[in-house]
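A short write-up of the structure that comes next.
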Amino acid sequence: MEWMRMRRVQQVASEFSGGGSFRVAPLLAAGMLVCTAVYAGEDSRFDKQRLELGAELDHVLVVHGVCANVNECVNKRIIFASPATGGVGIQIWGLEDKEIIGKLLETCASVFLREIEIDVIAVNIYPISKEESMKKKESMRRPFWRSEKPIQRIVFTRKNYAKR
């Protein structure tokens with residue numbers, strides 16, 4: 001029996017050392033396809049609107065003196081605009097001024113009303129900066145997918161969106 005176990009160990013070792021690379025290659029290819037499919041699921045129909053909304057939000061920050069110019073706003077990482085199913089996701093990091101947050105929400109609302117093909121604009125407001133959040137994750141050794149919880153979540157959505 002011991003020699004059978006030893007022979008099986010040798011077979012497994014042979015498979016991973018190149019002798020069985022034809023068996024491992026399909027597994028690697030399948031894994032790559034799954035990863036591609038997961039990332040391909042991102043809704044990018046509204047990329048143009050997402051970029052325009054991000055630029056408008058950066059402009060609001062400049063007008064209200066949070067940043068000297070758009071480049072500074074981008075470097076401060078206050079606004080993140082990302083694809084969301086049926087529309088756009090917005091993250092606002094580290095702003096405490098309620099007036100400025102109100103102006104940013106007004107901008108999101110006006111874009112939502114203007115761009116009728118967008119079904120959803122989801123806004124998450126976080127109390128700390130993105131950098132603080134990343135440092136916190138590193139110090140707590142939390143996985144990257146366990147993100148900071150927003151203090152406020154506002155979702156603009158069309159009435160019939162759920163029925164589509």
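A note on labels: chains of the structure tokens are A, B, ... as shown, every chain counts residues from 1, and ligands are counted from 1 in their shown order.
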
Please provide the set of residues having any atom within 9 Å of Ser82 (chain A), restricted to only C-alpha atoms, with same-chain residues fewer than 4 positions apart removed, written as a list in words. Asp47, Arg50, Leu51, Val88, Gly89, Ile90 and Gln91 of chain A

Could you take the residues named above and write them with C-alpha atoms, as a short mmCIF file (atom, residue, chain, number, x, y, z; two decimals), in the first residue's frame?
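Output contents, as saved in result_31.cif:
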data_model
loop_
_atom_site.label_atom_id
_atom_site.label_comp_id
_atom_site.auth_asym_id
_atom_site.auth_seq_id
_atom_site.Cartn_x
_atom_site.Cartn_y
_atom_site.Cartn_z
CA ASP A 47 -18.98 55.95 -19.53
CA ARG A 50 -19.82 59.15 -15.89
CA LEU A 51 -16.81 61.16 -17.09
CA VAL A 88 -23.19 55.77 -12.50
CA GLY A 89 -21.78 55.31 -9.00
CA ILE A 90 -20.31 58.31 -7.20
CA GLN A 91 -18.12 58.20 -4.10
#

Extract, using only C-alpha atoms, all DNA, RNA and protein residues at most 8 Å from Ala122 (chain A), discarding same-chain residues fewer than 2 positions from it, and format them as a list in words.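 Counting only C-alpha atoms, the residues come to Ala84, Val88, Gly89, Ile90, Val120, Asn124, Arg153, Ile154, Val155 and Phe156 of chain A.
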
Restrict the selected residues to C-alpha atoms and save them as a PDB file, in the first residue's frame.
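Output file out_34.pdb is given in full below:
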ATOM      1  CA  ALA A  84     -22.871  51.031 -11.905  1.00  0.00           C
ATOM      2  CA  VAL A  88     -23.193  55.772 -12.505  1.00  0.00           C
ATOM      3  CA  GLY A  89     -21.782  55.312  -9.005  1.00  0.00           C
ATOM      4  CA  ILE A  90     -20.307  58.312  -7.205  1.00  0.00           C
ATOM      5  CA  VAL A 120     -29.445  55.132 -11.584  1.00  0.00           C
ATOM      6  CA  ASN A 124     -21.982  57.225  -1.320  1.00  0.00           C
ATOM      7  CA  ARG A 153     -26.141  56.808   0.573  1.00  0.00           C
ATOM      8  CA  ILE A 154     -28.392  58.631  -1.868  1.00  0.00           C
ATOM      9  CA  VAL A 155     -29.758  56.836  -4.916  1.00  0.00           C
ATOM     10  CA  PHE A 156     -31.462  58.634  -7.777  1.00  0.00           C
TER      11      PHE A 156
END

Kindly indicate which residue among A:Ile100, A:Trp93, A:Glu106, A:Glu115 lies nearest to Met134 (chain A), using only C-alpha atoms for the distances.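 Between A:Ile100, A:Trp93, A:Glu106, A:Glu115, the residue approaching Met134 (chain A) most closely is A:Trp93.
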
Extract, using only C-alpha atoms, all DNA, RNA and protein residues at most 12 Å from Glu117 (chain A), discarding same-chain residues fewer than 4 positions from it, and format them as a CSV table (one decimal) with C-alpha atoms, in the first residue's frame.
chain,number,residue,atom,x,y,z
A,45,ARG,CA,-22.9,52.0,-21.3
A,46,PHE,CA,-22.7,55.3,-19.5
A,48,LYS,CA,-19.5,59.3,-21.3
A,49,GLN,CA,-22.0,60.5,-18.7
A,86,GLY,CA,-27.9,51.0,-15.2
A,87,GLY,CA,-26.0,54.2,-14.5
A,88,VAL,CA,-23.2,55.8,-12.5
A,111,VAL,CA,-27.4,65.3,-14.4
A,112,PHE,CA,-29.9,62.6,-13.5
A,113,LEU,CA,-32.8,64.7,-14.8
A,121,ILE,CA,-27.0,57.5,-10.0
A,157,THR,CA,-33.5,56.1,-9.7
A,158,ARG,CA,-36.2,56.0,-12.4
A,161,TYR,CA,-36.2,51.0,-13.4

Between CA of Glu72 (chain A) and CA of Pro150 (chain A), what is the distance, to one decimal in Å?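 Result for CA of Glu72 (chain A) versus CA of Pro150 (chain A): 23.5 Å, one decimal.
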
Gap from CA of Leu57 (chain A) to CA of Gly102 (chain A) - Å, one decimal: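 If I compute the distance from CA of Leu57 (chain A) to CA of Gly102 (chain A), I get 11.4 Å.
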
Separating CA of Leu95 (chain A) from CA of Pro83 (chain A), to the nearest tenth of an Å, is a gap of 21.8 Å
